[in-house]
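Asks: Quick one, work.tsv (TSV, C-alpha atoms):
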```
chain	number	residue	atom	x	y	z
A	1	MET	CA	12.48	13.89	15.22
A	2	ASP	CA	14.79	16.74	14.26
A	3	LYS	CA	15.16	19.01	17.27
A	4	THR	CA	17.32	21.63	15.55
A	5	PRO	CA	16.56	24.99	17.21
A	6	GLN	CA	14.30	27.26	15.22
A	7	THR	CA	15.34	30.73	14.17
A	8	GLN	CA	13.43	33.84	15.10
A	9	GLN	CA	12.50	34.22	11.41
A	10	SER	CA	10.55	30.91	11.41
A	11	LYS	CA	6.87	31.56	10.85
A	12	ILE	CA	4.63	30.85	13.84
A	13	SER	CA	0.87	31.04	13.28
A	14	LEU	CA	-0.39	29.45	16.50
A	15	LEU	CA	0.82	29.09	20.09
A	16	VAL	CA	-0.65	26.26	22.17
A	17	ALA	CA	-0.11	26.55	25.92
A	18	ASP	CA	-0.57	24.22	28.84
A	19	VAL	CA	-2.37	25.89	31.74
A	20	ASP	CA	-1.27	24.72	35.19
A	21	GLY	CA	2.43	25.20	35.77
A	22	THR	CA	2.70	27.17	32.54
A	23	LEU	CA	0.14	29.88	31.81
A	24	VAL	CA	-0.79	30.47	35.47
A	25	THR	CA	1.22	30.70	38.68
A	26	ARG	CA	1.17	28.15	41.49
A	27	GLN	CA	-1.75	30.09	42.97
A	28	LYS	CA	-3.57	29.77	39.62
A	29	VAL	CA	-3.18	33.48	38.86
A	30	LEU	CA	-3.16	34.72	35.29
A	31	THR	CA	-0.80	37.67	35.58
A	32	ASP	CA	-1.20	40.99	33.81
A	33	ARG	CA	2.01	40.35	31.90
A	34	ALA	CA	0.67	36.99	30.67
A	35	ARG	CA	-2.53	38.72	29.48
A	36	ASP	CA	-0.45	41.36	27.72
A	37	ALA	CA	1.63	38.66	26.04
A	38	VAL	CA	-1.51	37.08	24.57
A	39	SER	CA	-2.66	40.53	23.38
A	40	LYS	CA	0.70	41.02	21.66
A	41	LEU	CA	0.29	37.65	19.92
A	42	ASN	CA	-3.10	38.76	18.62
A	43	GLU	CA	-1.63	42.03	17.40
A	44	ALA	CA	1.06	40.09	15.56
A	45	GLY	CA	-1.55	37.90	13.85
A	46	ILE	CA	-0.56	34.80	15.85
A	47	ARG	CA	-3.44	32.77	17.22
A	48	PHE	CA	-3.43	31.44	20.76
A	49	THR	CA	-5.19	28.60	22.52
A	50	ILE	CA	-4.88	26.30	25.52
A	51	THR	CA	-4.86	22.61	26.27
A	52	SER	CA	-5.10	21.10	29.73
A	53	GLY	CA	-6.01	18.03	31.70
A	54	ARG	CA	-8.72	20.19	33.25
A	55	PRO	CA	-12.39	19.59	32.44
A	56	PRO	CA	-14.06	22.18	30.18
A	57	LEU	CA	-15.61	24.18	33.02
A	58	GLY	CA	-12.19	24.38	34.67
A	59	MET	CA	-10.89	26.25	31.62
A	60	LYS	CA	-13.72	28.75	31.32
A	61	MET	CA	-12.11	31.47	33.41
A	62	ILE	CA	-9.03	31.41	31.18
A	63	VAL	CA	-11.06	31.43	27.96
A	64	ASP	CA	-13.15	34.36	29.18
A	65	ALA	CA	-10.21	36.35	30.56
A	66	LEU	CA	-8.21	36.06	27.34
A	67	HIS	CA	-11.17	36.29	24.94
A	68	LEU	CA	-9.96	33.21	23.08
A	69	SER	CA	-11.30	32.62	19.58
A	70	ALA	CA	-9.61	29.35	18.61
A	71	PRO	CA	-10.79	25.87	19.63
A	72	ILE	CA	-9.59	24.63	23.03
A	73	ALA	CA	-8.70	21.11	24.14
A	74	ALA	CA	-9.90	19.96	27.55
A	75	PHE	CA	-8.93	16.66	29.19
A	76	ASN	CA	-5.64	16.75	27.22
A	77	GLY	CA	-7.63	16.40	24.01
A	78	GLY	CA	-10.43	14.25	25.34
A	79	VAL	CA	-12.82	17.00	24.30
A	80	PHE	CA	-12.36	19.74	21.69
A	81	LEU	CA	-14.60	22.74	22.15
A	82	ASN	CA	-15.36	26.06	20.54
A	83	PRO	CA	-14.80	29.13	22.74
A	84	ASP	CA	-18.56	29.14	23.48
A	85	PHE	CA	-18.02	25.60	24.87
A	86	SER	CA	-20.04	23.84	22.21
A	87	ILE	CA	-18.40	20.45	21.57
A	88	ILE	CA	-16.51	19.92	18.31
A	89	ASP	CA	-15.62	16.29	19.03
A	90	GLN	CA	-14.56	14.06	21.90
A	91	ASN	CA	-12.62	10.88	22.58
A	92	VAL	CA	-14.09	8.64	25.27
A	93	LEU	CA	-12.98	5.37	26.85
A	94	THR	CA	-14.99	2.21	26.30
A	95	SER	CA	-16.80	1.02	29.42
A	96	THR	CA	-14.69	-2.16	29.52
A	97	ILE	CA	-11.43	-0.24	29.55
A	98	ALA	CA	-12.74	2.42	31.95
A	99	LYS	CA	-13.70	-0.23	34.49
A	100	ARG	CA	-10.32	-1.93	34.25
A	101	VAL	CA	-8.42	1.35	34.59
A	102	ALA	CA	-10.39	2.28	37.71
A	103	GLN	CA	-9.62	-1.13	39.20
A	104	ILE	CA	-5.88	-0.85	38.54
A	105	ILE	CA	-5.77	2.60	40.13
A	106	ALA	CA	-7.68	1.38	43.18
A	107	ASP	CA	-5.37	-1.65	43.46
A	108	HIS	CA	-2.44	0.77	43.79
A	109	GLN	CA	-4.21	2.46	46.71
A	110	LEU	CA	-4.80	5.67	44.78
A	111	ASP	CA	-8.07	7.57	44.98
A	112	VAL	CA	-10.14	7.40	41.78
A	113	TRP	CA	-11.83	10.36	40.08
A	114	VAL	CA	-14.09	9.90	37.05
A	115	TYR	CA	-14.97	12.59	34.52
A	116	ARG	CA	-17.90	12.44	32.10
A	117	GLY	CA	-18.76	15.54	30.09
A	118	ASN	CA	-19.01	18.39	32.59
A	119	ASP	CA	-19.41	16.04	35.59
A	120	TRP	CA	-16.69	15.10	38.08
A	121	PHE	CA	-17.32	12.09	40.35
A	122	VAL	CA	-15.43	11.12	43.52
A	123	HIS	CA	-15.88	8.73	46.42
A	124	GLU	CA	-14.77	11.16	49.16
A	125	ARG	CA	-15.94	14.75	49.29
A	126	HIS	CA	-12.71	15.93	50.90
A	127	GLY	CA	-10.31	13.24	49.74
A	128	PRO	CA	-6.70	14.02	48.77
A	129	HIS	CA	-6.50	17.12	46.56
A	130	VAL	CA	-10.28	17.33	46.04
A	131	ASP	CA	-10.60	20.71	47.76
A	132	ARG	CA	-7.61	22.07	45.88
A	133	GLU	CA	-8.97	20.82	42.55
A	134	GLU	CA	-12.39	22.31	43.30
A	135	TRP	CA	-10.76	25.68	43.99
A	136	THR	CA	-8.78	25.41	40.75
A	137	VAL	CA	-11.60	24.41	38.40
A	138	LYS	CA	-14.32	26.42	40.19
A	139	PHE	CA	-16.94	23.69	40.43
A	140	SER	CA	-17.72	20.90	42.89
A	141	PRO	CA	-17.53	17.13	42.43
A	142	THR	CA	-20.45	14.77	42.80
A	143	VAL	CA	-19.92	12.20	45.55
A	144	VAL	CA	-21.01	8.66	44.65
A	145	PRO	CA	-20.63	5.37	46.53
A	146	SER	CA	-19.78	3.48	43.33
A	147	PHE	CA	-18.64	4.24	39.80
A	148	ASP	CA	-20.23	1.07	38.39
A	149	ASP	CA	-23.08	2.87	36.63
A	150	LEU	CA	-20.87	5.72	35.40
A	151	MET	CA	-18.47	3.94	33.10
A	152	ASP	CA	-20.11	4.87	29.79
A	153	ASN	CA	-18.73	7.91	27.95
A	154	VAL	CA	-15.90	8.45	30.42
A	155	VAL	CA	-13.47	11.06	29.12
A	156	LYS	CA	-10.85	10.81	31.86
A	157	ILE	CA	-10.03	8.77	34.96
A	158	VAL	CA	-7.56	10.19	37.46
A	159	GLY	CA	-5.53	8.37	40.09
A	160	VAL	CA	-4.68	10.64	43.01
A	161	SER	CA	-2.20	10.19	45.86
A	162	ASP	CA	0.50	12.02	47.78
A	163	ASP	CA	2.53	8.82	47.61
A	164	LEU	CA	4.36	9.98	44.50
A	165	ASP	CA	6.19	6.69	44.04
A	166	ALA	CA	2.86	4.88	44.01
A	167	VAL	CA	1.54	7.26	41.37
A	168	ALA	CA	4.64	6.70	39.22
A	169	LYS	CA	4.34	2.91	39.58
A	170	CYS	CA	0.65	3.02	38.74
A	171	GLU	CA	1.45	4.99	35.58
A	172	LYS	CA	3.88	2.30	34.43
A	173	ASP	CA	1.52	-0.54	35.34
A	174	VAL	CA	-1.42	1.00	33.47
A	175	GLN	CA	0.78	1.51	30.42
A	176	GLN	CA	2.08	-2.06	30.62
A	177	GLU	CA	-1.37	-3.56	31.20
A	178	PHE	CA	-2.80	-2.06	28.06
A	179	SER	CA	0.21	-2.65	25.89
A	180	GLU	CA	0.04	-6.35	26.82
A	181	GLN	CA	-3.68	-6.97	27.08
A	182	VAL	CA	-5.19	-4.50	24.63
A	183	THR	CA	-6.14	-7.28	22.18
A	184	CYS	CA	-8.20	-9.23	24.65
A	185	LEU	CA	-9.75	-6.11	26.18
A	186	ALA	CA	-10.65	-4.71	22.80
A	187	GLY	CA	-12.12	-8.06	21.85
A	188	ALA	CA	-14.69	-7.56	24.57
A	189	SER	CA	-15.82	-4.29	23.02
A	190	SER	CA	-17.26	-3.41	19.67
A	191	GLY	CA	-14.57	-0.89	18.70
A	192	GLY	CA	-11.50	-3.11	18.80
A	193	GLY	CA	-7.94	-1.88	19.14
A	194	GLU	CA	-8.56	0.65	21.88
A	195	GLN	CA	-5.70	1.49	24.21
A	196	VAL	CA	-5.17	4.30	26.68
A	197	SER	CA	-2.97	7.30	27.21
A	198	ALA	CA	-1.61	7.28	30.78
A	199	ALA	CA	0.60	10.13	31.99
A	200	ARG	CA	1.14	12.21	35.11
A	201	SER	CA	-0.18	15.76	34.73
A	202	GLN	CA	1.20	16.48	38.20
A	203	PRO	CA	3.42	14.27	40.38
A	204	TYR	CA	0.29	13.38	42.40
A	205	TYR	CA	-2.14	13.00	39.44
A	206	LEU	CA	-2.21	10.14	36.94
A	207	ASP	CA	-4.47	11.01	34.00
A	208	VAL	CA	-5.83	8.12	31.93
A	209	THR	CA	-7.67	8.93	28.73
A	210	HIS	CA	-8.42	7.62	25.26
A	211	PRO	CA	-5.19	7.21	23.23
A	212	ARG	CA	-6.17	10.14	21.01
A	213	ALA	CA	-6.56	12.29	24.12
A	214	ASN	CA	-2.92	13.27	24.40
A	215	LYS	CA	-1.24	16.57	23.70
A	216	GLY	CA	0.60	15.32	20.63
A	217	ALA	CA	-2.75	14.50	19.05
A	218	VAL	CA	-4.02	17.90	20.22
A	219	VAL	CA	-1.44	19.62	18.01
A	220	GLU	CA	-2.43	17.44	15.04
A	221	ARG	CA	-6.15	18.09	15.54
A	222	LEU	CA	-5.73	21.85	15.96
A	223	SER	CA	-3.64	21.84	12.80
A	224	GLN	CA	-6.60	20.28	10.97
A	225	LEU	CA	-9.25	22.51	12.56
A	226	LEU	CA	-7.38	25.75	11.90
A	227	ASN	CA	-5.66	24.73	8.66
A	228	ILE	CA	-2.26	25.59	10.12
A	229	PRO	CA	0.74	23.34	9.35
A	230	THR	CA	2.22	21.77	12.45
A	231	ASP	CA	5.59	23.34	11.72
A	232	GLU	CA	3.91	26.74	12.18
A	233	ILE	CA	2.65	25.75	15.63
A	234	ALA	CA	4.57	26.57	18.81
A	235	THR	CA	3.92	24.82	22.12
A	236	ILE	CA	4.79	25.57	25.73
A	237	GLY	CA	4.45	23.37	28.83
A	238	ASP	CA	6.05	22.03	31.98
A	239	MET	CA	5.14	18.38	32.53
A	240	PRO	CA	5.95	15.02	30.87
A	241	ASN	CA	2.48	14.96	29.30
A	242	ASP	CA	3.49	18.12	27.40
A	243	VAL	CA	6.42	16.40	25.66
A	244	PRO	CA	4.22	14.79	22.95
A	245	MET	CA	3.05	18.24	21.85
A	246	PHE	CA	6.69	19.39	21.76
A	247	GLN	CA	7.40	16.50	19.41
A	248	HIS	CA	4.55	17.40	17.04
A	249	SER	CA	5.15	21.16	16.82
A	250	GLY	CA	7.60	23.32	14.94
A	251	LEU	CA	8.85	25.18	18.00
A	252	SER	CA	8.68	24.02	21.62
A	253	ILE	CA	9.34	25.80	24.91
A	254	ALA	CA	9.71	24.22	28.35
A	255	MET	CA	9.07	26.14	31.54
A	256	GLY	CA	11.88	26.79	33.99
A	257	ASN	CA	9.93	24.84	36.61
A	258	ALA	CA	9.87	21.75	34.34
A	259	SER	CA	12.02	18.73	35.08
A	260	THR	CA	15.37	18.33	33.34
A	261	ASP	CA	13.92	15.63	31.07
A	262	VAL	CA	11.09	17.90	29.94
A	263	GLN	CA	13.48	20.79	29.38
A	264	HIS	CA	15.75	18.60	27.25
A	265	ALA	CA	12.76	17.66	25.08
A	266	ALA	CA	12.11	21.29	24.09
A	267	HIS	CA	13.88	23.67	21.72
A	268	TYR	CA	14.01	26.42	24.33
A	269	VAL	CA	13.64	26.87	28.08
A	270	THR	CA	12.07	29.96	29.65
A	271	THR	CA	11.87	31.03	33.29
A	272	SER	CA	9.46	29.48	35.80
A	273	ASN	CA	5.75	30.13	36.08
A	274	GLU	CA	6.55	32.12	39.23
A	275	ASP	CA	8.85	34.38	37.22
A	276	GLU	CA	6.65	35.28	34.24
A	277	GLY	CA	7.99	32.35	32.23
A	278	PHE	CA	5.04	32.29	29.83
A	279	ALA	CA	5.21	36.01	29.04
A	280	GLN	CA	8.99	35.92	28.68
A	281	ALA	CA	8.72	32.97	26.28
A	282	VAL	CA	6.21	34.83	24.10
A	283	GLU	CA	8.28	38.00	24.10
A	284	ARG	CA	11.62	36.32	23.40
A	285	PHE	CA	11.01	33.14	21.44
A	286	ILE	CA	7.70	33.78	19.63
A	287	LEU	CA	7.81	37.52	18.95
A	288	GLY	CA	11.61	37.66	18.84
A	289	ASN	CA	12.10	40.52	21.30
A	290	GLU	CA	15.26	39.97	23.32
```
Kindly transcribe the structure held in the file into structure tokens.

Replies:
Amino acid sequence: MDKTPQTQQSKISLLVADVDGTLVTRQKVLTDRARDAVSKLNEAGIRFTITSGRPPLGMKMIVDALHLSAPIAAFNGGVFLNPDFSIIDQNVLTSTIAKRVAQIIADHQLDVWVYRGNDWFVHERHGPHVDREEWTVKFSPTVVPSFDDLMDNVVKIVGVSDDLDAVAKCEKDVQQEFSEQVTCLAGASSGGGEQVSAARSQPYYLDVTHPRANKGAVVERLSQLLNIPTDEIATIGDMPNDVPMFQHSGLSIAMGNASTDVQHAAHYVTTSNEDEGFAQAVERFILGNE
């Protein structure tokens, strides 16, 4: 794809932002300057929305604080919702694939989390990162001894571990498993042809979703829902799972806290999320104020 830098005169009609590591600080704070930046977008006639690996309820505080009016994409596009949280559409895993994904994650000695709708299921109430995630999304998980009866309508499965190498290896193995065995797995289901999207949303989180639940597809779907050409959409993020939305948008911005690879995938790089990177990106690259 042509990655020629855009000019400040290029028309931008929509900005799509990742949340964690981008819109909010490490302490999950939405700063006053970030709020002001969104207000300035509205004043300029540029729409704004968010996409995240978070479940819908974990995005509510952002939606309410910024008075968003455009559709939002939870679970990296697993669920599209109106600002009142009514569901527009969703992409769920088949039960066959969900069970296999959970098994692969467990085989790599990662903890497994399962998300269905607004429910979050775990095996351990205070397992790795559970308390932190609960604080972030502002609701509690449901502890279950087994996921066996919960594999219908699964939107996202997460592998969690502080062994970052294990998480990275699990990501590659899930991707390889479904690229090699998708035909036989799909043959066991009625849909046929299903695969998965597997990407780390944080170094310690592996998110596995339906193949259409990825941020590149989010840009395409928002383009359809809002009747805005993709080349009039700008995107901003910090993690490898944000790169697909960079590739599908007209203008892309990486955070200063992003890895070198992620930064190289974007048109522009702003400062970190601890240094008002989101607001500075809006002011400089979207609104054109140096």

Asks: Which residues come within 9 Å of Arg125 of chain A, counting all atoms listed in the file, excluding same-chain residues fewer than 4 positions away, as a list of chain:residue names?

Replies: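 That gives A:Val130, A:Asp131, A:Pro141, A:Thr142, A:Val143.
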
Asks: For the selection just defined, write its residues with C-alpha atoms to a file, as an mmCIF file, keeping the file's coordinate frame.

Replies:
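Writing done, so here's again00.cif:
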```
data_model
loop_
_atom_site.group_PDB
_atom_site.id
_atom_site.type_symbol
_atom_site.label_atom_id
_atom_site.label_comp_id
_atom_site.auth_asym_id
_atom_site.auth_seq_id
_atom_site.Cartn_x
_atom_site.Cartn_y
_atom_site.Cartn_z
ATOM 1 C CA VAL A 130 -10.280 17.330 46.040
ATOM 2 C CA ASP A 131 -10.600 20.710 47.760
ATOM 3 C CA PRO A 141 -17.530 17.130 42.430
ATOM 4 C CA THR A 142 -20.450 14.770 42.800
ATOM 5 C CA VAL A 143 -19.920 12.200 45.550
#
```

Asks: Which neighbours of Trp135 of chain A fall inside 10 Å, counting only C-alpha atoms, when residues of the same chain fewer than 5 positions from it are skipped, and could you give them as a PyMOL selection string?

Replies: chain A and resi 28+58+129-130+140

Asks: Output the selection as an mmCIF file, in the coordinates of the input - C-alpha atoms for each residue.

Replies:
```
data_model
loop_
_atom_site.group_PDB
_atom_site.id
_atom_site.type_symbol
_atom_site.label_atom_id
_atom_site.label_comp_id
_atom_site.auth_asym_id
_atom_site.auth_seq_id
_atom_site.Cartn_x
_atom_site.Cartn_y
_atom_site.Cartn_z
ATOM 1 C CA LYS A 28 -3.570 29.770 39.620
ATOM 2 C CA GLY A 58 -12.190 24.380 34.670
ATOM 3 C CA HIS A 129 -6.500 17.120 46.560
ATOM 4 C CA VAL A 130 -10.280 17.330 46.040
ATOM 5 C CA SER A 140 -17.720 20.900 42.890
#
```

Asks: What is the distance between atom CA of Ala234 of chain A and atom CA of Arg35 of chain A, in Å to one decimal?

Replies: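 Spanning atom CA of Ala234 of chain A to atom CA of Arg35 of chain A is a straight-line distance of 17.7 Å.
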
Asks: Please provide the set of residues having any atom within 8 Å of Val19 of chain A, restricted to only C-alpha atoms, with same-chain residues fewer than 6 positions apart removed, written as a ChimeraX atom specification.

Replies: /A:50-52,237

Asks: Using all atoms listed in the file, give me every residue within 10 Å of (-19.6, 28.6, 25.6) in file coordinates, as a list in words.

Replies: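 I get Pro56, Leu57, Lys60, Val63, Asp64, Leu81, Asn82, Pro83, Asp84, Phe85, Ser86 and Ile87 of chain A for the residues within 10 Å of that point.
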
Asks: Mind writing the picked residues with C-alpha atoms as a PDB file, in the coordinates of the input?

Replies:
```pdb
ATOM      1  CA  PRO A  56     -14.060  22.180  30.180  1.00  0.00           C
ATOM      2  CA  LEU A  57     -15.610  24.180  33.020  1.00  0.00           C
ATOM      3  CA  LYS A  60     -13.720  28.750  31.320  1.00  0.00           C
ATOM      4  CA  VAL A  63     -11.060  31.430  27.960  1.00  0.00           C
ATOM      5  CA  ASP A  64     -13.150  34.360  29.180  1.00  0.00           C
ATOM      6  CA  LEU A  81     -14.600  22.740  22.150  1.00  0.00           C
ATOM      7  CA  ASN A  82     -15.360  26.060  20.540  1.00  0.00           C
ATOM      8  CA  PRO A  83     -14.800  29.130  22.740  1.00  0.00           C
ATOM      9  CA  ASP A  84     -18.560  29.140  23.480  1.00  0.00           C
ATOM     10  CA  PHE A  85     -18.020  25.600  24.870  1.00  0.00           C
ATOM     11  CA  SER A  86     -20.040  23.840  22.210  1.00  0.00           C
ATOM     12  CA  ILE A  87     -18.400  20.450  21.570  1.00  0.00           C
TER      13      ILE A  87
END
```

Asks: For segment 113-121 of chain A, please output as a list in words all residues within 9 Å (counting all atoms listed in the file; exclusion window: fewer than 5 positions along the same chain).

Replies: Pro55, Pro56, Leu57, Val79, Val92, Ala102, Phe139, Ser140, Pro141, Thr142, Val143, Val144, Phe147, Leu150, Met151, Asp152, Asn153, Val154, Val155, Lys156, Ile157, Val158, Gly159 and Val160 of chain A

Asks: Taking only C-alpha atoms into account, name the residue in A:Pro244, A:Ala166, A:Asn273, A:Gly288 that is nearest to Ala34 of chain A.

Replies: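 Ranked by minimum distance to Ala34 of chain A, first place goes to A:Asn273.
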
Asks: Taking every listed atom of segment 54-61 of chain A and adding 6 Å to each side, what centre and edge lengths in Å (one decimal) does the axis-aligned box have, as AutoDock Vina command-line options?

Replies:
```
--center_x -12.2 --center_y 25.5 --center_z 32.4 --size_x 18.9 --size_y 23.9 --size_z 16.5
```

Asks: Smallest atom-to-atom distance to Met59 of chain A: which of A:Asp149, A:Asp107, A:Asp18, A:Glu177, using all atoms listed in the file?

Replies: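 Checking each candidate against Met59 of chain A, we get A:Asp18 as the closest.
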
Asks: Let me make sure I understand: among A:Asp173, A:Asp275, A:Asp111, A:Asp261, which one has the smallest atom-to-atom distance to Met239 of chain A if we use all atoms listed in the file?

Replies: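 Checking each of A:Asp173, A:Asp275, A:Asp111, A:Asp261 against Met239 of chain A, counting all atoms listed in the file, the winner is A:Asp261.
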
Asks: Here is a test: counting all atoms listed in the file, which residue of A:Asp89, A:Glu276, A:Asp36, A:Asp20 is nearest to Arg221 of chain A?

Replies: A:Asp89

Asks: Provide the atom CA of Ala74 of chain A to atom CA of Ala254 of chain A distance in Å, to one decimal place.

Replies: 20.1 Å

Asks: Could you list as a ChimeraX atom specification every residue that has an atom within 7 Å of (-2.0, 33.5, 15.2), using the file's coordinates and counting all atoms listed in the file?

Replies: /A:13-14,41-42,45-48
